[in-house]
file input-v3.txt (compact mmCIF, C-alpha atoms and all ligand atoms)
# COMPACT_ATOMS: atom_id res chain seq x y z
CA MET A 1 49.23 61.84 -35.97
CA LYS A 2 46.87 59.48 -34.18
CA ALA A 3 45.14 56.48 -35.82
CA ILE A 4 43.01 53.55 -34.63
CA ALA A 5 44.58 50.23 -35.51
CA ILE A 6 43.94 46.54 -35.06
CA VAL A 7 46.06 43.44 -35.49
CA PRO A 8 43.93 41.39 -37.92
CA GLY A 9 42.75 38.11 -36.47
CA THR A 10 42.96 39.31 -32.87
CA ALA A 11 40.36 41.10 -30.72
CA GLY A 12 40.65 44.76 -29.72
CA SER A 13 41.81 48.03 -31.18
CA ARG A 14 44.18 50.74 -29.99
CA LEU A 15 45.37 54.24 -30.69
CA VAL A 16 48.70 54.28 -32.53
CA GLU A 17 51.03 57.01 -33.81
CA ARG A 18 51.52 57.28 -37.56
CA ALA A 19 53.55 59.66 -39.72
CA GLU A 20 51.35 62.35 -41.26
CA PRO A 21 51.12 61.65 -45.03
CA SER A 22 51.94 64.32 -47.57
CA ILE A 23 51.37 64.73 -51.28
CA THR A 24 53.97 62.95 -53.42
CA ALA A 25 52.26 62.88 -56.86
CA GLN A 26 50.59 65.62 -58.85
CA ASP A 27 47.15 63.93 -58.86
CA GLU A 28 47.06 63.44 -55.08
CA ILE A 29 44.80 65.13 -52.56
CA LYS A 30 45.29 65.46 -48.83
CA ILE A 31 42.26 65.48 -46.58
CA ARG A 32 41.88 66.33 -42.92
CA ILE A 33 39.46 63.79 -41.51
CA ILE A 34 36.45 65.33 -39.77
CA ARG A 35 34.52 62.21 -38.82
CA VAL A 36 34.41 58.52 -39.67
CA GLY A 37 31.50 56.12 -39.25
CA ILE A 38 31.66 52.72 -37.57
CA CYS A 39 29.77 49.83 -39.15
CA GLY A 40 29.30 46.08 -38.82
CA THR A 41 32.45 45.46 -40.83
CA ASP A 42 34.52 47.53 -38.35
CA ARG A 43 33.00 45.65 -35.43
CA GLU A 44 33.80 42.36 -37.07
CA GLU A 45 37.40 43.48 -37.67
CA VAL A 46 37.76 44.61 -34.05
CA SER A 47 36.50 41.26 -32.80
CA GLY A 48 39.10 39.32 -34.81
CA GLY A 49 37.08 38.69 -38.00
CA ARG A 50 37.56 39.53 -41.70
CA ALA A 51 40.49 41.99 -42.10
CA ASP A 52 43.97 42.01 -43.69
CA ALA A 53 46.94 44.22 -42.90
CA PRO A 54 48.92 45.83 -45.73
CA ASP A 55 51.83 43.72 -47.06
CA GLY A 56 54.75 43.73 -44.65
CA GLN A 57 52.71 45.30 -41.81
CA LYS A 58 51.21 43.65 -38.73
CA GLU A 59 48.68 46.38 -38.00
CA LEU A 60 45.80 47.72 -40.04
CA VAL A 61 44.33 51.19 -39.53
CA ILE A 62 40.57 50.61 -39.66
CA GLY A 63 37.72 52.81 -40.92
CA HIS A 64 36.20 53.16 -44.38
CA GLU A 65 33.22 55.52 -43.90
CA MET A 66 35.10 58.79 -44.00
CA PHE A 67 34.24 62.45 -44.39
CA GLY A 68 36.73 65.29 -44.41
CA GLN A 69 38.00 68.53 -45.83
CA VAL A 70 40.65 69.07 -48.50
CA VAL A 71 43.79 70.69 -47.07
CA ASP A 72 46.24 70.29 -49.98
CA VAL A 73 46.10 69.30 -53.66
CA GLY A 74 48.72 68.20 -56.21
CA SER A 75 49.45 70.37 -59.26
CA SER A 76 47.21 68.43 -61.70
CA VAL A 77 44.12 68.30 -59.47
CA THR A 78 41.16 70.18 -60.95
CA GLY A 79 38.07 68.62 -59.31
CA VAL A 80 38.46 69.94 -55.77
CA LYS A 81 40.26 72.72 -53.97
CA THR A 82 41.43 73.45 -50.44
CA GLY A 83 38.48 73.86 -48.09
CA ASP A 84 36.09 71.62 -50.06
CA PHE A 85 34.32 68.80 -48.23
CA ALA A 86 34.89 65.40 -49.77
CA VAL A 87 35.10 61.65 -49.27
CA PHE A 88 37.40 59.02 -50.74
CA THR A 89 35.93 55.75 -52.02
CA VAL A 90 36.95 52.47 -50.34
CA ARG A 91 38.13 49.98 -52.93
CA ARG A 92 41.35 50.08 -54.94
CA GLY A 93 41.69 48.02 -58.12
CA CYS A 94 43.89 45.05 -58.94
CA GLY A 95 45.43 46.97 -61.85
CA GLU A 96 44.87 44.00 -64.15
CA CYS A 97 41.21 43.55 -65.07
CA ALA A 98 39.00 45.66 -67.33
CA SER A 99 36.68 46.74 -64.49
CA CYS A 100 39.53 48.04 -62.34
CA LEU A 101 41.11 49.85 -65.29
CA MET A 102 37.76 51.66 -65.72
CA ASN A 103 37.79 52.76 -62.04
CA ARG A 104 35.13 50.13 -61.30
CA ALA A 105 37.06 48.13 -58.71
CA ASP A 106 33.68 47.40 -57.10
CA MET A 107 33.28 44.92 -59.98
CA CYS A 108 36.89 43.61 -59.91
CA GLN A 109 37.22 40.42 -61.94
CA THR A 110 40.36 38.93 -60.38
CA GLY A 111 39.43 39.32 -56.69
CA LYS A 112 42.84 40.91 -56.10
CA TYR A 113 41.34 44.27 -55.11
CA ARG A 114 42.20 46.01 -51.84
CA GLU A 115 39.93 48.03 -49.56
CA ARG A 116 41.04 50.91 -47.37
CA GLY A 117 40.52 50.00 -43.73
CA ILE A 118 39.45 46.43 -44.50
CA ARG A 119 41.73 44.55 -46.83
CA GLY A 120 45.40 45.26 -47.46
CA LEU A 121 45.35 49.08 -47.15
CA ASP A 122 45.22 51.37 -44.12
CA GLY A 123 41.88 53.05 -43.57
CA TYR A 124 40.49 56.38 -42.52
CA GLN A 125 40.26 56.33 -38.70
CA THR A 126 43.10 58.82 -38.46
CA GLU A 127 43.82 62.55 -38.73
CA PHE A 128 44.96 62.94 -42.36
CA VAL A 129 44.78 60.81 -45.50
CA VAL A 130 46.21 61.18 -49.00
CA ASP A 131 44.89 59.50 -52.13
CA HIS A 132 44.45 60.07 -55.86
CA GLU A 133 41.91 62.37 -57.48
CA GLN A 134 40.16 59.47 -59.24
CA TYR A 135 38.90 58.23 -55.85
CA ILE A 136 37.45 61.49 -54.54
CA VAL A 137 33.84 62.65 -54.46
CA GLN A 138 33.03 66.20 -53.42
CA VAL A 139 30.27 66.80 -50.87
CA PRO A 140 28.39 70.13 -50.99
CA ALA A 141 28.96 72.29 -47.91
CA GLN A 142 25.22 72.22 -47.09
CA LEU A 143 25.57 68.47 -46.48
CA GLU A 144 28.40 68.82 -43.95
CA ALA A 145 26.36 67.16 -41.19
CA LEU A 146 25.39 64.21 -43.43
CA GLY A 147 28.59 63.57 -45.40
CA VAL A 148 29.69 60.74 -43.13
CA LEU A 149 26.70 58.75 -44.46
CA MET A 150 28.06 58.86 -48.02
CA GLU A 151 29.84 55.48 -47.94
CA PRO A 152 27.01 53.32 -46.56
CA LEU A 153 24.65 55.23 -48.85
CA SER A 154 26.88 54.46 -51.86
CA VAL A 155 26.48 50.74 -51.14
CA VAL A 156 22.70 51.23 -51.09
CA GLU A 157 22.73 53.28 -54.32
CA LYS A 158 24.69 50.60 -56.14
CA ALA A 159 22.42 47.79 -54.95
CA ILE A 160 19.21 49.61 -55.90
CA ASP A 161 20.58 50.85 -59.22
CA GLU A 162 21.77 47.38 -60.28
CA ALA A 163 18.42 45.89 -59.29
CA LEU A 164 16.51 48.52 -61.27
CA GLN A 165 18.67 48.11 -64.36
CA VAL A 166 17.93 44.38 -64.33
CA GLN A 167 14.18 44.99 -63.93
CA ILE A 168 14.20 47.51 -66.77
CA VAL A 169 15.83 45.02 -69.10
CA ARG A 170 13.50 42.12 -68.33
CA CYS A 171 10.09 43.54 -67.38
CA PRO A 172 8.19 44.92 -70.39
CA GLU A 173 6.31 47.54 -68.34
CA ALA A 174 9.47 48.71 -66.50
CA ALA A 175 11.07 49.96 -69.70
CA VAL A 176 8.17 52.32 -70.37
CA THR A 177 7.50 53.70 -66.87
CA PRO A 178 9.59 56.61 -65.58
CA ASP A 179 10.36 54.83 -62.33
CA TRP A 180 9.69 51.14 -61.81
CA LEU A 181 9.74 51.61 -58.03
CA HIS A 182 6.93 54.17 -57.97
CA GLY A 183 4.00 52.78 -55.95
CA ARG A 184 5.67 49.37 -55.60
CA ARG A 185 5.72 47.42 -52.37
CA CYS A 186 9.33 47.38 -51.11
CA LEU A 187 10.63 45.48 -48.09
CA VAL A 188 13.87 46.34 -46.33
CA ALA A 189 15.14 43.79 -43.82
CA GLY A 190 17.52 44.86 -41.05
CA LEU A 191 17.09 48.49 -40.01
CA GLY A 192 20.69 49.44 -39.31
CA PRO A 193 22.11 52.45 -41.17
CA VAL A 194 22.23 50.60 -44.51
CA GLY A 195 18.63 49.38 -44.18
CA LEU A 196 17.35 52.81 -43.16
CA LEU A 197 19.28 54.55 -45.94
CA ALA A 198 17.79 52.04 -48.39
CA ALA A 199 14.32 52.85 -47.04
CA MET A 200 15.10 56.53 -47.57
CA VAL A 201 16.18 56.04 -51.20
CA LEU A 202 13.16 53.84 -51.94
CA ARG A 203 10.84 56.46 -50.44
CA LEU A 204 12.48 59.15 -52.60
CA ARG A 205 11.71 56.95 -55.64
CA GLY A 206 8.04 56.70 -54.60
CA GLY A 207 8.13 53.18 -53.19
CA GLN A 208 5.70 51.96 -50.55
CA VAL A 209 8.31 50.99 -47.97
CA TYR A 210 8.10 48.35 -45.24
CA GLY A 211 11.00 47.85 -42.83
CA LEU A 212 11.52 44.61 -40.93
CA ASP A 213 13.53 44.20 -37.75
CA VAL A 214 13.15 42.57 -34.34
CA VAL A 215 13.14 45.58 -32.00
CA ASP A 216 10.27 47.36 -30.25
CA ALA A 217 8.35 49.78 -32.44
CA ASN A 218 8.99 52.71 -30.07
CA THR A 219 12.79 52.51 -30.37
CA ALA A 220 15.10 54.70 -32.46
CA ARG A 221 15.27 52.76 -35.73
CA PRO A 222 11.53 52.07 -36.31
CA LYS A 223 10.82 55.67 -35.25
CA TRP A 224 13.28 57.00 -37.81
CA LEU A 225 11.66 54.83 -40.49
CA ASP A 226 8.25 56.19 -39.53
CA GLY A 227 9.59 59.73 -39.91
CA ILE A 228 10.27 59.17 -43.63
CA GLY A 229 6.89 57.54 -44.23
CA GLY A 230 7.98 53.89 -43.94
CA CYS A 231 5.96 51.22 -42.19
CA TYR A 232 7.59 49.07 -39.50
CA ILE A 233 7.10 45.31 -39.36
CA ASP A 234 8.17 43.60 -36.13
CA GLY A 235 9.66 40.32 -37.35
CA ARG A 236 8.84 38.71 -33.99
CA GLN A 237 5.14 39.17 -34.73
CA VAL A 238 5.07 38.75 -38.50
CA GLN A 239 7.24 35.95 -39.89
CA ALA A 240 8.66 36.28 -43.40
CA ASP A 241 6.26 33.64 -44.74
CA GLN A 242 3.23 35.61 -43.45
CA VAL A 243 4.19 38.88 -45.10
CA GLU A 244 2.56 37.96 -48.40
CA LYS A 245 -0.74 36.99 -46.73
CA LYS A 246 -0.87 39.94 -44.34
CA ILE A 247 0.54 42.77 -46.46
CA GLY A 248 0.95 41.44 -49.98
CA GLY A 249 3.86 40.13 -52.04
CA MET A 250 6.87 42.42 -52.24
CA ASP A 251 8.03 43.57 -55.69
CA PHE A 252 11.36 44.59 -54.28
CA ILE A 253 13.26 43.28 -51.27
CA LEU A 254 16.58 44.61 -50.00
CA ASP A 255 18.33 42.67 -47.28
CA ALA A 256 20.65 44.56 -44.97
CA SER A 257 20.34 42.15 -42.04
CA GLY A 258 23.22 39.81 -42.82
CA ILE A 259 21.33 37.04 -41.00
CA ALA A 260 21.55 34.05 -43.35
CA PRO A 261 18.40 32.14 -42.23
CA LEU A 262 16.31 35.32 -42.51
CA GLU A 263 17.88 36.13 -45.88
CA PHE A 264 16.54 32.82 -47.23
CA ASN A 265 13.16 33.10 -45.48
CA LEU A 266 12.56 36.48 -47.09
CA LEU A 267 12.15 34.73 -50.44
CA ASP A 268 8.71 33.73 -49.14
CA ALA A 269 7.65 37.38 -49.27
CA LEU A 270 8.79 38.02 -52.86
CA ALA A 271 6.08 38.67 -55.49
CA LEU A 272 5.90 37.37 -59.06
CA ASN A 273 8.74 38.87 -61.19
CA GLY A 274 10.17 40.21 -57.94
CA MET A 275 13.68 41.51 -57.38
CA TYR A 276 15.59 40.59 -54.23
CA VAL A 277 18.94 42.28 -53.62
CA LEU A 278 21.27 41.27 -50.79
CA THR A 279 23.79 43.62 -49.17
CA GLY A 280 24.10 42.10 -45.66
CA ILE A 281 27.24 40.00 -45.19
CA PRO A 282 26.57 37.10 -42.79
CA GLY A 283 29.37 36.25 -40.35
CA GLY A 284 30.23 32.78 -39.10
CA ASP A 285 29.97 29.47 -40.91
CA ARG A 286 27.14 27.70 -39.11
CA PRO A 287 25.41 25.34 -41.59
CA LEU A 288 21.76 26.00 -42.20
CA GLN A 289 18.83 23.90 -43.40
CA ILE A 290 16.74 25.30 -46.21
CA PRO A 291 13.97 23.82 -48.40
CA GLY A 292 16.23 24.02 -51.46
CA ALA A 293 13.98 22.46 -54.10
CA GLU A 294 11.04 24.61 -53.06
CA LEU A 295 13.08 27.82 -53.17
CA ILE A 296 14.61 27.13 -56.59
CA ARG A 297 11.20 26.04 -57.92
CA GLN A 298 9.72 29.35 -56.76
CA LEU A 299 12.60 31.41 -58.21
CA VAL A 300 12.13 29.79 -61.61
CA LEU A 301 8.33 29.57 -61.78
CA ASP A 302 7.89 33.13 -60.44
CA ASN A 303 10.60 34.79 -62.61
CA GLN A 304 12.47 36.05 -59.58
CA VAL A 305 15.97 37.49 -59.24
CA MET A 306 18.25 37.18 -56.23
CA LEU A 307 21.16 39.57 -56.61
CA GLY A 308 24.23 40.06 -54.42
CA SER A 309 25.83 43.51 -54.36
CA VAL A 310 28.91 44.85 -52.58
CA ASN A 311 30.93 48.05 -52.43
CA ALA A 312 30.32 50.98 -54.80
CA ALA A 313 31.89 53.01 -57.57
CA ARG A 314 32.43 56.74 -57.58
CA GLY A 315 29.22 57.24 -59.56
CA HIS A 316 27.22 55.60 -56.78
CA PHE A 317 28.74 58.02 -54.25
CA GLN A 318 27.64 60.82 -56.55
CA MET A 319 24.09 59.40 -56.63
CA GLY A 320 24.27 59.29 -52.84
CA ALA A 321 25.18 62.99 -52.63
CA ASP A 322 22.22 63.85 -54.87
CA ASP A 323 19.81 61.76 -52.78
CA LEU A 324 21.15 63.20 -49.50
CA ALA A 325 20.43 66.68 -50.84
CA GLN A 326 16.89 65.66 -51.84
CA ALA A 327 16.26 63.90 -48.53
CA HIS A 328 17.55 66.93 -46.65
CA LEU A 329 15.10 69.15 -48.53
CA ARG A 330 12.20 66.81 -47.91
CA TRP A 331 12.75 65.69 -44.32
CA GLY A 332 15.13 68.36 -42.95
CA PRO A 333 16.97 67.64 -39.71
CA HIS A 334 15.33 64.21 -39.43
CA ILE A 335 18.00 62.79 -41.76
CA ALA A 336 20.87 63.90 -39.51
CA GLY A 337 19.06 62.04 -36.71
CA LEU A 338 20.55 58.85 -38.18
CA ILE A 339 23.81 59.85 -36.51
CA THR A 340 23.08 59.07 -32.89
CA ASN A 341 26.42 58.60 -31.13
CA ARG A 342 29.67 60.53 -31.35
CA TYR A 343 32.93 59.41 -29.81
CA SER A 344 36.44 60.76 -29.54
CA PRO A 345 39.22 58.58 -31.01
CA ASP A 346 40.48 57.46 -27.59
CA GLN A 347 36.95 56.50 -26.48
CA PHE A 348 36.72 54.11 -29.41
CA ALA A 349 39.79 52.15 -28.40
CA GLY A 350 37.75 51.13 -25.34
CA LEU A 351 34.46 50.52 -27.16
CA LYS A 352 35.36 47.06 -28.45
CA ASP A 353 32.67 45.33 -30.47
CA GLN A 354 29.62 46.26 -28.42
CA HIS A 355 26.76 48.23 -29.86
CA GLN A 356 24.40 50.61 -28.07
CA PRO A 357 20.82 49.26 -28.38
CA ASP A 358 19.26 52.58 -29.39
CA ALA A 359 22.18 53.66 -31.56
CA ILE A 360 21.86 54.00 -35.32
CA LYS A 361 25.04 55.41 -36.85
CA GLU A 362 27.98 55.81 -34.50
CA VAL A 363 30.84 58.04 -35.57
CA ILE A 364 34.26 59.08 -34.35
CA GLU A 365 34.88 62.81 -34.39
CA TRP A 366 38.45 63.64 -35.46
CA ALA A 367 38.28 67.38 -36.09
CA GLN A 368 35.90 70.33 -36.38
CA PRO A 369 35.19 71.51 -39.91
CA GLY A 370 37.30 74.57 -40.66
CA ARG A 371 36.73 77.55 -42.87
C1 LIG B 401 31.87 48.25 -46.90
C2 LIG B 401 32.16 48.02 -48.39
C3 LIG B 401 33.07 46.83 -48.55
C4 LIG B 401 32.47 45.62 -47.85
C5 LIG B 401 33.31 44.37 -47.99
C6 LIG B 401 31.38 47.00 -46.25
O1 LIG B 401 31.23 47.26 -44.89
O2 LIG B 401 30.92 49.27 -46.74
O3 LIG B 401 32.75 49.17 -48.96
O4 LIG B 401 33.26 46.55 -49.91
O5 LIG B 401 32.29 45.93 -46.47
O6 LIG B 401 34.57 44.45 -47.39
ZN ZN B 402 30.81 49.74 -43.91

call {"tool": "encode", "arguments": {"input": "input-v3.txt", "output": "structure tokens"}}
result
Amino acid sequence: MKAIAIVPGTAGSRLVERAEPSITAQDEIKIRIIRVGICGTDREEVSGGRADAPDGQKELVIGHEMFGQVVDVGSSVTGVKTGDFAVFTVRRGCGECASCLMNRADMCQTGKYRERGIRGLDGYQTEFVVDHEQYIVQVPAQLEALGVLMEPLSVVEKAIDEALQVQIVRCPEAAVTPDWLHGRRCLVAGLGPVGLLAAMVLRLRGGQVYGLDVVDANTARPKWLDGIGGCYIDGRQVQADQVEKKIGGMDFILDASGIAPLEFNLLDALALNGMYVLTGIPGGDRPLQIPGAELIRQLVLDNQVMLGSVNAARGHFQMGADDLAQAHLRWGPHIAGLITNRYSPDQFAGLKDQHQPDAIKEVIEWAQPGR
């Protein structure tokens, strides 16, 4: 079977031949890949950045945002059956710490976790994959067109859920309101797929959502935001430190930009008792000047939280499936409009690390869904 592989630390990717995997344990599931998303992490890997091949291998098969259909199940599998649509999670535990033993490798305590398609394990840009039942999440057939968004959405669900849990514990009024986000001013920075999915989840929870980026308002990403009732802020016209004056302080900020200077500047827009969750992973190591004392003073005197969040557990994927279903009901085909570009596997090998300006989510199509 075909797969897209890189040699970690070098630029470029290519199509390789791999042996088709088959089930070797009773709790395993084999999936035919239908499509796999491409994200910033993949682009970084393809340009020679953060990536590790499996032990004893030079190449790494990339891809972690998968969606496929079950084609075979081991004898002890009860959760899915042949023909079901499903995704596998990304992270695999260290096998040592309490989090990993609870299938919460997203909170691994030793740092010795692996990630399919990123760190130490082959990924999903290929025709078939096999993995254990504990890593699978079923996707309802009605969400076939949206299932490829499950992984980036799971990252969003985890970040927002963690942030809310913290607010509920520390804010007296949050514990007695059905949804702390309802009617709150929420700012999402960086309107790539993660930022737009975050805007979608915050809108579903009743938030008043602002999205910040540095593109023209009549381009794809601001237009998509507008379609779910979000309000676009052009960061070239409104700087982070003017947001509070012009719009009001933000009770909730989610960063999906991965641009370190902006990530610090956004603190200027955070309201009293505000929650700021970061999901963007900045590349490079360029040092940066920040007014440290002022920022820490503000964090303390204003009771603010800055929270980093990465990866997601199976439960967050499940929350994602529920929200996709709700979003699909509420906004219909608009949601599928997040997937803007489709490529064949051999096209990707030539795509390198460039990004189409009006693209939102780009995916590789491996197979047609079957019945
Ligand atoms: C993936 C996460 C992963 C993170 C760090 C992100 O692109 O979506 O699943 O944990 O990269 O490798
Ligand atoms: Zn990703």

call {"tool": "axis_aligned_box", "arguments": {"input": "input-v3.txt", "around": "range 70-80 of chain A", "padding_each_side": "8 Å", "output": "JSON"}}
result
{"center_x": 43.8, "center_y": 69.4, "center_z": -54.4, "size_x": 27.4, "size_y": 18.5, "size_z": 30.6}

call {"tool": "residues_around", "arguments": {"input": "input-v3.txt", "residues": "Ala220 in chain A", "least_positions_apart": "3", "cutoff": "8 Å", "atoms": "only C-alpha atoms", "output": "ChimeraX atom specification"}}
result
/A:223-224,358-360

call {"tool": "closest_atom_pairs", "arguments": {"input": "input-v3.txt", "of": "chain A", "to": "ligand ZN 402 (chain B)", "cutoff": "6 Å", "atoms": "only C-alpha atoms and all ligand atoms", "output": "tab-separated table"}}
result
residue	atom	partner	partner_atom	distance
A:Cys39	CA	B:ZN402	ZN	4.9
A:Thr41	CA	B:ZN402	ZN	5.5
A:Pro152	CA	B:ZN402	ZN	5.9

call {"tool": "atom_distance", "arguments": {"input": "input-v3.txt", "atom1": "CA of Thr279 in chain A", "atom2": "CA of Glu45 in chain A"}}
result
17.8 Å

call {"tool": "residues_near_point", "arguments": {"input": "input-v3.txt", "point": "(11.5, 47.7, -52.6)", "cutoff": "9 Å", "atoms": "only C-alpha atoms", "output": "list of chain:residue names"}}
result
A:Ile160, A:Leu181, A:Arg184, A:Arg185, A:Cys186, A:Leu187, A:Val188, A:Ala198, A:Ala199, A:Leu202, A:Gly207, A:Gln208, A:Val209, A:Tyr210, A:Met250, A:Asp251, A:Phe252, A:Ile253, A:Leu254, A:Met275, A:Tyr276

call {"tool": "write_last_selection", "arguments": {"input": "input-v3.txt", "atoms": "C-alpha atoms", "output": "PDB file, in the frame of the given file"}}
result
ATOM      1  CA  ILE A 160      19.210  49.610 -55.900  1.00  0.00           C
ATOM      2  CA  LEU A 181       9.740  51.610 -58.030  1.00  0.00           C
ATOM      3  CA  ARG A 184       5.670  49.370 -55.600  1.00  0.00           C
ATOM      4  CA  ARG A 185       5.720  47.420 -52.370  1.00  0.00           C
ATOM      5  CA  CYS A 186       9.330  47.380 -51.110  1.00  0.00           C
ATOM      6  CA  LEU A 187      10.630  45.480 -48.090  1.00  0.00           C
ATOM      7  CA  VAL A 188      13.870  46.340 -46.330  1.00  0.00           C
ATOM      8  CA  ALA A 198      17.790  52.040 -48.390  1.00  0.00           C
ATOM      9  CA  ALA A 199      14.320  52.850 -47.040  1.00  0.00           C
ATOM     10  CA  LEU A 202      13.160  53.840 -51.940  1.00  0.00           C
ATOM     11  CA  GLY A 207       8.130  53.180 -53.190  1.00  0.00           C
ATOM     12  CA  GLN A 208       5.700  51.960 -50.550  1.00  0.00           C
ATOM     13  CA  VAL A 209       8.310  50.990 -47.970  1.00  0.00           C
ATOM     14  CA  TYR A 210       8.100  48.350 -45.240  1.00  0.00           C
ATOM     15  CA  MET A 250       6.870  42.420 -52.240  1.00  0.00           C
ATOM     16  CA  ASP A 251       8.030  43.570 -55.690  1.00  0.00           C
ATOM     17  CA  PHE A 252      11.360  44.590 -54.280  1.00  0.00           C
ATOM     18  CA  ILE A 253      13.260  43.280 -51.270  1.00  0.00           C
ATOM     19  CA  LEU A 254      16.580  44.610 -50.000  1.00  0.00           C
ATOM     20  CA  MET A 275      13.680  41.510 -57.380  1.00  0.00           C
ATOM     21  CA  TYR A 276      15.590  40.590 -54.230  1.00  0.00           C
TER      22      TYR A 276
END

call {"tool": "atom_distance", "arguments": {"input": "input-v3.txt", "atom1": "CA of Gly235 in chain A", "atom2": "CA of Gly280 in chain A"}}
result
16.8 Å

call {"tool": "closest_residue", "arguments": {"input": "input-v3.txt", "among": "A:Leu191, A:Leu153, A:Ala325, A:Ala271", "to": "Asp234 in chain A", "atoms": "only C-alpha atoms"}}
result
A:Leu191

call {"tool": "atom_distance", "arguments": {"input": "input-v3.txt", "atom1": "CA of Gln239 in chain A", "atom2": "CA of Leu270 in chain A"}}
result
13.2 Å

call {"tool": "residues_near_point", "arguments": {"input": "input-v3.txt", "point": "(39.1, 52.5, -28.8)", "cutoff": "10 Å", "atoms": "all atoms listed in the file", "output": "ChimeraX atom specification"}}
result
/A:4-6,12-15,46,343-353,364

call {"tool": "closest_residue", "arguments": {"input": "input-v3.txt", "among": "A:His132, A:Arg50, A:Arg205, A:Arg35", "to": "ligand LIG 401 (chain B)", "atoms": "only C-alpha atoms and all ligand atoms"}}
result
A:Arg50

call {"tool": "residues_near_ligand", "arguments": {"input": "input-v3.txt", "ligand": "ligand LIG 401 (chain B)", "cutoff": "9 Å", "atoms": "all atoms listed in the file", "output": "PyMOL selection string"}}
result
chain A and resi 39-42+50-51+64-65+89-91+106+114-119+151-155+279-281+310-312

call {"tool": "closest_residue", "arguments": {"input": "input-v3.txt", "among": "A:Gly315, A:Pro282, A:Gly48, A:Gly258", "to": "Gln134 in chain A", "atoms": "all atoms listed in the file"}}
result
A:Gly315
